[in-house]
Amino acid sequence: MAGPQRISYVPLDEMTPEMRAEMERCAREGTPRPESSAVRAHVPAAFWFFANAWKDLFREGIVDHSIKELCRVYVSHSVKCEYCGNQRSERGREHGLIEGKYDELLNFESSENYTEREKAALAYAEAIVWTGDADDALWERMYAHFSEAELVELGCMIGLTLGQQSWLRLLNIEHHQVMPGTSAAMAPGFESAEALAESKGAERYWAHA
């Protein structure tokens with residue numbers, strides 16, 4: 001964690017039973033993990049805005065979950081949100097998304113790790129995050145792989161991810177600080193506070209690039 005934490009965590013005993021139930025889900029399933037939710041809990045409307053939108057757009061919805069997970073981590077690597085980039089979707093793992101699929105996200109176009117559908121989604125994410133431009137060729141590529149409804153869901157999910165991660169990286173929050181003791185949704189090598197510290201200190205840690 002680079003510097004002091006900027007916004008405190010709301011204690012569980014100050015949350016409503018419904019909010020505590022969602023916090024328990026975060027600890028059990030991750031994505032998001034409890035710390036970011038404990039920050040949003042300062043404003044219940046913000047807490048539920050994200051929890052409900054994330055459930056509908058990311059964990060559920062019509063686009064393949066593994067594609068949305070790749071786009072989520074693409075955003076993490078793009079904006080260097082370490083808190084989000086060190087998480088992995090448990091549902092993505094259940095659907096066969098292996099760790100090697102995350103390795104070349106920022107060089108997806110030249111990688112052989114991704115299908116053409118995955119590359120099209122990542123090109124969409126690239127346009128949203130980096131270029132702000134989508135020409136006819138990109139839209140033709142998108143429509144070759146996705147319906148309009150899928151493009152709306154994917155675009156909203158990427159936009160939500162970009163906004164939230166750009167904010168969270170400013171807060172200096174870290175894993176294993178709220179409801180510790182679980183490794184749900186943590187990337188390999190980040191399953192505990194000790195493992196996380198060791199991995200972040202490694203020369204080849206992804207955020208050092």
# chains A, B, ... in the order shown; residues from 1 in each chain; ligands from 1

call {"tool": "closest_atom_pairs", "arguments": {"of": "region 18-135 of chain A", "to": "region 198-206 of chain A", "cutoff": "9 Å", "atoms": "only C-alpha atoms", "output": "JSON lines"}}
result
{"residue": "A:His77", "atom": "CA", "partner": "A:Trp206", "partner_atom": "CA", "distance": 7.9}
{"residue": "A:Lys80", "atom": "CA", "partner": "A:Trp206", "partner_atom": "CA", "distance": 8.9}
{"residue": "A:Glu82", "atom": "CA", "partner": "A:Trp206", "partner_atom": "CA", "distance": 8.9}
{"residue": "A:Gly85", "atom": "CA", "partner": "A:Trp206", "partner_atom": "CA", "distance": 9.0}

call {"tool": "residues_around", "arguments": {"residues": "region 72-75 of chain A", "least_positions_apart": "4", "cutoff": "12 Å", "atoms": "only C-alpha atoms", "output": "PyMOL selection string"}}
result
chain A and resi 31-32+54+57-59+65-68+79-89+92+99+101-108+118-119+121-130+154-166+169+187+206

call {"tool": "atom_distance", "arguments": {"atom1": "CA of Gly30 (chain A)", "atom2": "CA of Met142 (chain A)"}}
result
29.7 Å

call {"tool": "residues_around", "arguments": {"residues": "region 144-151 of chain A", "least_positions_apart": "3", "cutoff": "7 Å", "atoms": "only C-alpha atoms", "output": "PyMOL selection string"}}
result
chain A and resi 62-63+117+140-141+154-155

call {"tool": "write_last_selection", "arguments": {"atoms": "N, CA and C atoms", "output": "PDB file, in the first residue's frame"}}
result
ATOM      1  N   ILE A  62     -25.828 -11.202 -19.695  1.00  0.00           N
ATOM      2  CA  ILE A  62     -25.909 -12.011 -20.900  1.00  0.00           C
ATOM      3  C   ILE A  62     -24.567 -12.262 -21.579  1.00  0.00           C
ATOM      4  N   VAL A  63     -23.558 -11.442 -21.293  1.00  0.00           N
ATOM      5  CA  VAL A  63     -22.239 -11.650 -21.898  1.00  0.00           C
ATOM      6  C   VAL A  63     -21.481 -12.705 -21.108  1.00  0.00           C
ATOM      7  N   ARG A 117     -13.268 -13.352 -30.308  1.00  0.00           N
ATOM      8  CA  ARG A 117     -14.347 -12.706 -29.529  1.00  0.00           C
ATOM      9  C   ARG A 117     -13.759 -11.997 -28.314  1.00  0.00           C
ATOM     10  N   GLU A 140     -17.600  -2.675 -36.756  1.00  0.00           N
ATOM     11  CA  GLU A 140     -17.848  -3.880 -37.553  1.00  0.00           C
ATOM     12  C   GLU A 140     -17.304  -5.113 -36.850  1.00  0.00           C
ATOM     13  N   ARG A 141     -16.145  -4.940 -36.257  1.00  0.00           N
ATOM     14  CA  ARG A 141     -15.539  -6.044 -35.503  1.00  0.00           C
ATOM     15  C   ARG A 141     -16.405  -6.410 -34.304  1.00  0.00           C
ATOM     16  N   LEU A 154     -21.732  -4.864 -21.888  1.00  0.00           N
ATOM     17  CA  LEU A 154     -20.285  -4.848 -21.787  1.00  0.00           C
ATOM     18  C   LEU A 154     -19.759  -3.421 -21.634  1.00  0.00           C
ATOM     19  N   GLY A 155     -20.310  -2.486 -22.400  1.00  0.00           N
ATOM     20  CA  GLY A 155     -19.876  -1.097 -22.291  1.00  0.00           C
ATOM     21  C   GLY A 155     -20.169  -0.499 -20.934  1.00  0.00           C
TER      22      GLY A 155
END

call {"tool": "residues_around", "arguments": {"residues": "region 4-19 of chain A", "least_positions_apart": "5", "cutoff": "7 Å", "atoms": "only C-alpha atoms", "output": "VMD selection string"}}
result
chain A and resid 35 38 to 39 41 to 42 171 to 173

call {"tool": "decode", "arguments": {"residues": "region 100-144 of chain A", "atoms": "N, CA and C atoms", "output": "mmCIF file, in the first residue's frame"}}
result
data_model
loop_
_atom_site.group_PDB
_atom_site.id
_atom_site.type_symbol
_atom_site.label_atom_id
_atom_site.label_comp_id
_atom_site.auth_asym_id
_atom_site.auth_seq_id
_atom_site.Cartn_x
_atom_site.Cartn_y
_atom_site.Cartn_z
ATOM 1 N N GLY A 100 -3.048 -17.997 -16.777
ATOM 2 C CA GLY A 100 -2.293 -17.577 -17.948
ATOM 3 C C GLY A 100 -3.054 -16.642 -18.871
ATOM 4 N N LYS A 101 -4.387 -16.640 -18.792
ATOM 5 C CA LYS A 101 -5.179 -15.762 -19.640
ATOM 6 C C LYS A 101 -5.023 -14.285 -19.254
ATOM 7 N N TYR A 102 -4.507 -14.032 -18.063
ATOM 8 C CA TYR A 102 -4.349 -12.648 -17.611
ATOM 9 C C TYR A 102 -2.994 -12.052 -17.995
ATOM 10 N N ASP A 103 -2.076 -12.900 -18.452
ATOM 11 C CA ASP A 103 -0.679 -12.486 -18.551
ATOM 12 C C ASP A 103 -0.390 -11.451 -19.631
ATOM 13 N N GLU A 104 -1.148 -11.452 -20.713
ATOM 14 C CA GLU A 104 -0.814 -10.579 -21.837
ATOM 15 C C GLU A 104 -1.960 -9.625 -22.187
ATOM 16 N N LEU A 105 -2.726 -9.240 -21.197
ATOM 17 C CA LEU A 105 -3.913 -8.426 -21.456
ATOM 18 C C LEU A 105 -3.586 -7.127 -22.177
ATOM 19 N N LEU A 106 -2.514 -6.454 -21.783
ATOM 20 C CA LEU A 106 -2.207 -5.170 -22.402
ATOM 21 C C LEU A 106 -1.602 -5.332 -23.791
ATOM 22 N N ASN A 107 -1.270 -6.547 -24.168
ATOM 23 C CA ASN A 107 -0.770 -6.841 -25.512
ATOM 24 C C ASN A 107 -1.672 -7.869 -26.197
ATOM 25 N N PHE A 108 -2.970 -7.741 -25.959
ATOM 26 C CA PHE A 108 -3.904 -8.779 -26.390
ATOM 27 C C PHE A 108 -3.937 -8.972 -27.903
ATOM 28 N N GLU A 109 -3.754 -7.900 -28.661
ATOM 29 C CA GLU A 109 -3.884 -8.019 -30.113
ATOM 30 C C GLU A 109 -2.848 -8.978 -30.706
ATOM 31 N N SER A 110 -1.646 -8.974 -30.158
ATOM 32 C CA SER A 110 -0.579 -9.823 -30.702
ATOM 33 C C SER A 110 -0.476 -11.166 -29.999
ATOM 34 N N SER A 111 -1.306 -11.389 -28.982
ATOM 35 C CA SER A 111 -1.229 -12.617 -28.199
ATOM 36 C C SER A 111 -2.034 -13.741 -28.839
ATOM 37 N N GLU A 112 -1.571 -14.960 -28.653
ATOM 38 C CA GLU A 112 -2.314 -16.145 -29.096
ATOM 39 C C GLU A 112 -3.168 -16.725 -27.972
ATOM 40 N N ASN A 113 -3.193 -16.025 -26.833
ATOM 41 C CA ASN A 113 -3.936 -16.515 -25.669
ATOM 42 C C ASN A 113 -5.437 -16.269 -25.759
ATOM 43 N N TYR A 114 -5.866 -15.409 -26.696
ATOM 44 C CA TYR A 114 -7.258 -14.975 -26.697
ATOM 45 C C TYR A 114 -7.957 -15.326 -27.997
ATOM 46 N N THR A 115 -9.243 -15.631 -27.881
ATOM 47 C CA THR A 115 -10.064 -15.869 -29.061
ATOM 48 C C THR A 115 -10.367 -14.534 -29.739
ATOM 49 N N GLU A 116 -10.890 -14.596 -30.964
ATOM 50 C CA GLU A 116 -11.247 -13.358 -31.662
ATOM 51 C C GLU A 116 -12.365 -12.621 -30.933
ATOM 52 N N ARG A 117 -13.268 -13.352 -30.308
ATOM 53 C CA ARG A 117 -14.347 -12.706 -29.529
ATOM 54 C C ARG A 117 -13.759 -11.997 -28.314
ATOM 55 N N GLU A 118 -12.836 -12.636 -27.631
ATOM 56 C CA GLU A 118 -12.189 -11.998 -26.485
ATOM 57 C C GLU A 118 -11.398 -10.769 -26.916
ATOM 58 N N LYS A 119 -10.692 -10.868 -28.039
ATOM 59 C CA LYS A 119 -9.924 -9.723 -28.530
ATOM 60 C C LYS A 119 -10.841 -8.559 -28.898
ATOM 61 N N ALA A 120 -11.993 -8.867 -29.475
ATOM 62 C CA ALA A 120 -12.938 -7.811 -29.823
ATOM 63 C C ALA A 120 -13.420 -7.089 -28.563
ATOM 64 N N ALA A 121 -13.726 -7.847 -27.514
ATOM 65 C CA ALA A 121 -14.163 -7.241 -26.254
ATOM 66 C C ALA A 121 -13.051 -6.387 -25.652
ATOM 67 N N LEU A 122 -11.828 -6.891 -25.701
ATOM 68 C CA LEU A 122 -10.709 -6.130 -25.151
ATOM 69 C C LEU A 122 -10.423 -4.887 -25.983
ATOM 70 N N ALA A 123 -10.648 -4.943 -27.299
ATOM 71 C CA ALA A 123 -10.502 -3.750 -28.128
ATOM 72 C C ALA A 123 -11.551 -2.702 -27.751
ATOM 73 N N TYR A 124 -12.731 -3.153 -27.408
ATOM 74 C CA TYR A 124 -13.801 -2.270 -26.910
ATOM 75 C C TYR A 124 -13.350 -1.612 -25.610
ATOM 76 N N ALA A 125 -12.799 -2.419 -24.705
ATOM 77 C CA ALA A 125 -12.291 -1.886 -23.443
ATOM 78 C C ALA A 125 -11.163 -0.883 -23.695
ATOM 79 N N GLU A 126 -10.289 -1.209 -24.634
ATOM 80 C CA GLU A 126 -9.180 -0.303 -24.958
ATOM 81 C C GLU A 126 -9.703 1.047 -25.440
ATOM 82 N N ALA A 127 -10.726 1.018 -26.281
ATOM 83 C CA ALA A 127 -11.300 2.267 -26.784
ATOM 84 C C ALA A 127 -11.917 3.096 -25.660
ATOM 85 N N ILE A 128 -12.569 2.425 -24.723
ATOM 86 C CA ILE A 128 -13.194 3.121 -23.597
ATOM 87 C C ILE A 128 -12.144 3.691 -22.653
ATOM 88 N N VAL A 129 -11.112 2.898 -22.353
ATOM 89 C CA VAL A 129 -10.117 3.285 -21.351
ATOM 90 C C VAL A 129 -9.079 4.254 -21.911
ATOM 91 N N TRP A 130 -8.603 3.994 -23.116
ATOM 92 C CA TRP A 130 -7.438 4.706 -23.628
ATOM 93 C C TRP A 130 -7.725 5.713 -24.731
ATOM 94 N N THR A 131 -8.392 5.296 -25.802
ATOM 95 C CA THR A 131 -8.426 6.129 -26.999
ATOM 96 C C THR A 131 -9.639 7.042 -27.096
ATOM 97 N N GLY A 132 -10.754 6.627 -26.529
ATOM 98 C CA GLY A 132 -11.972 7.416 -26.677
ATOM 99 C C GLY A 132 -12.455 7.479 -28.116
ATOM 100 N N ASP A 133 -12.005 6.547 -28.934
ATOM 101 C CA ASP A 133 -12.333 6.585 -30.354
ATOM 102 C C ASP A 133 -12.703 5.183 -30.823
ATOM 103 N N ALA A 134 -13.757 5.102 -31.622
ATOM 104 C CA ALA A 134 -14.173 3.815 -32.192
ATOM 105 C C ALA A 134 -14.616 4.065 -33.627
ATOM 106 N N ASP A 135 -13.797 3.669 -34.580
ATOM 107 C CA ASP A 135 -14.115 3.895 -35.986
ATOM 108 C C ASP A 135 -15.020 2.790 -36.523
ATOM 109 N N ASP A 136 -15.362 2.897 -37.810
ATOM 110 C CA ASP A 136 -16.264 1.918 -38.413
ATOM 111 C C ASP A 136 -15.696 0.504 -38.324
ATOM 112 N N ALA A 137 -14.377 0.391 -38.473
ATOM 113 C CA ALA A 137 -13.756 -0.939 -38.444
ATOM 114 C C ALA A 137 -13.938 -1.603 -37.084
ATOM 115 N N LEU A 138 -13.789 -0.819 -36.025
ATOM 116 C CA LEU A 138 -13.975 -1.398 -34.692
ATOM 117 C C LEU A 138 -15.423 -1.812 -34.484
ATOM 118 N N TRP A 139 -16.369 -0.976 -34.918
ATOM 119 C CA TRP A 139 -17.770 -1.337 -34.730
ATOM 120 C C TRP A 139 -18.146 -2.559 -35.562
ATOM 121 N N GLU A 140 -17.600 -2.675 -36.756
ATOM 122 C CA GLU A 140 -17.848 -3.880 -37.553
ATOM 123 C C GLU A 140 -17.304 -5.113 -36.850
ATOM 124 N N ARG A 141 -16.145 -4.940 -36.257
ATOM 125 C CA ARG A 141 -15.539 -6.044 -35.503
ATOM 126 C C ARG A 141 -16.405 -6.410 -34.304
ATOM 127 N N MET A 142 -16.906 -5.405 -33.595
ATOM 128 C CA MET A 142 -17.732 -5.670 -32.416
ATOM 129 C C MET A 142 -19.021 -6.396 -32.809
ATOM 130 N N TYR A 143 -19.671 -5.909 -33.901
ATOM 131 C CA TYR A 143 -20.941 -6.501 -34.306
ATOM 132 C C TYR A 143 -20.770 -7.902 -34.891
ATOM 133 N N ALA A 144 -19.548 -8.248 -35.272
ATOM 134 C CA ALA A 144 -19.296 -9.608 -35.751
ATOM 135 C C ALA A 144 -19.331 -10.612 -34.607
#
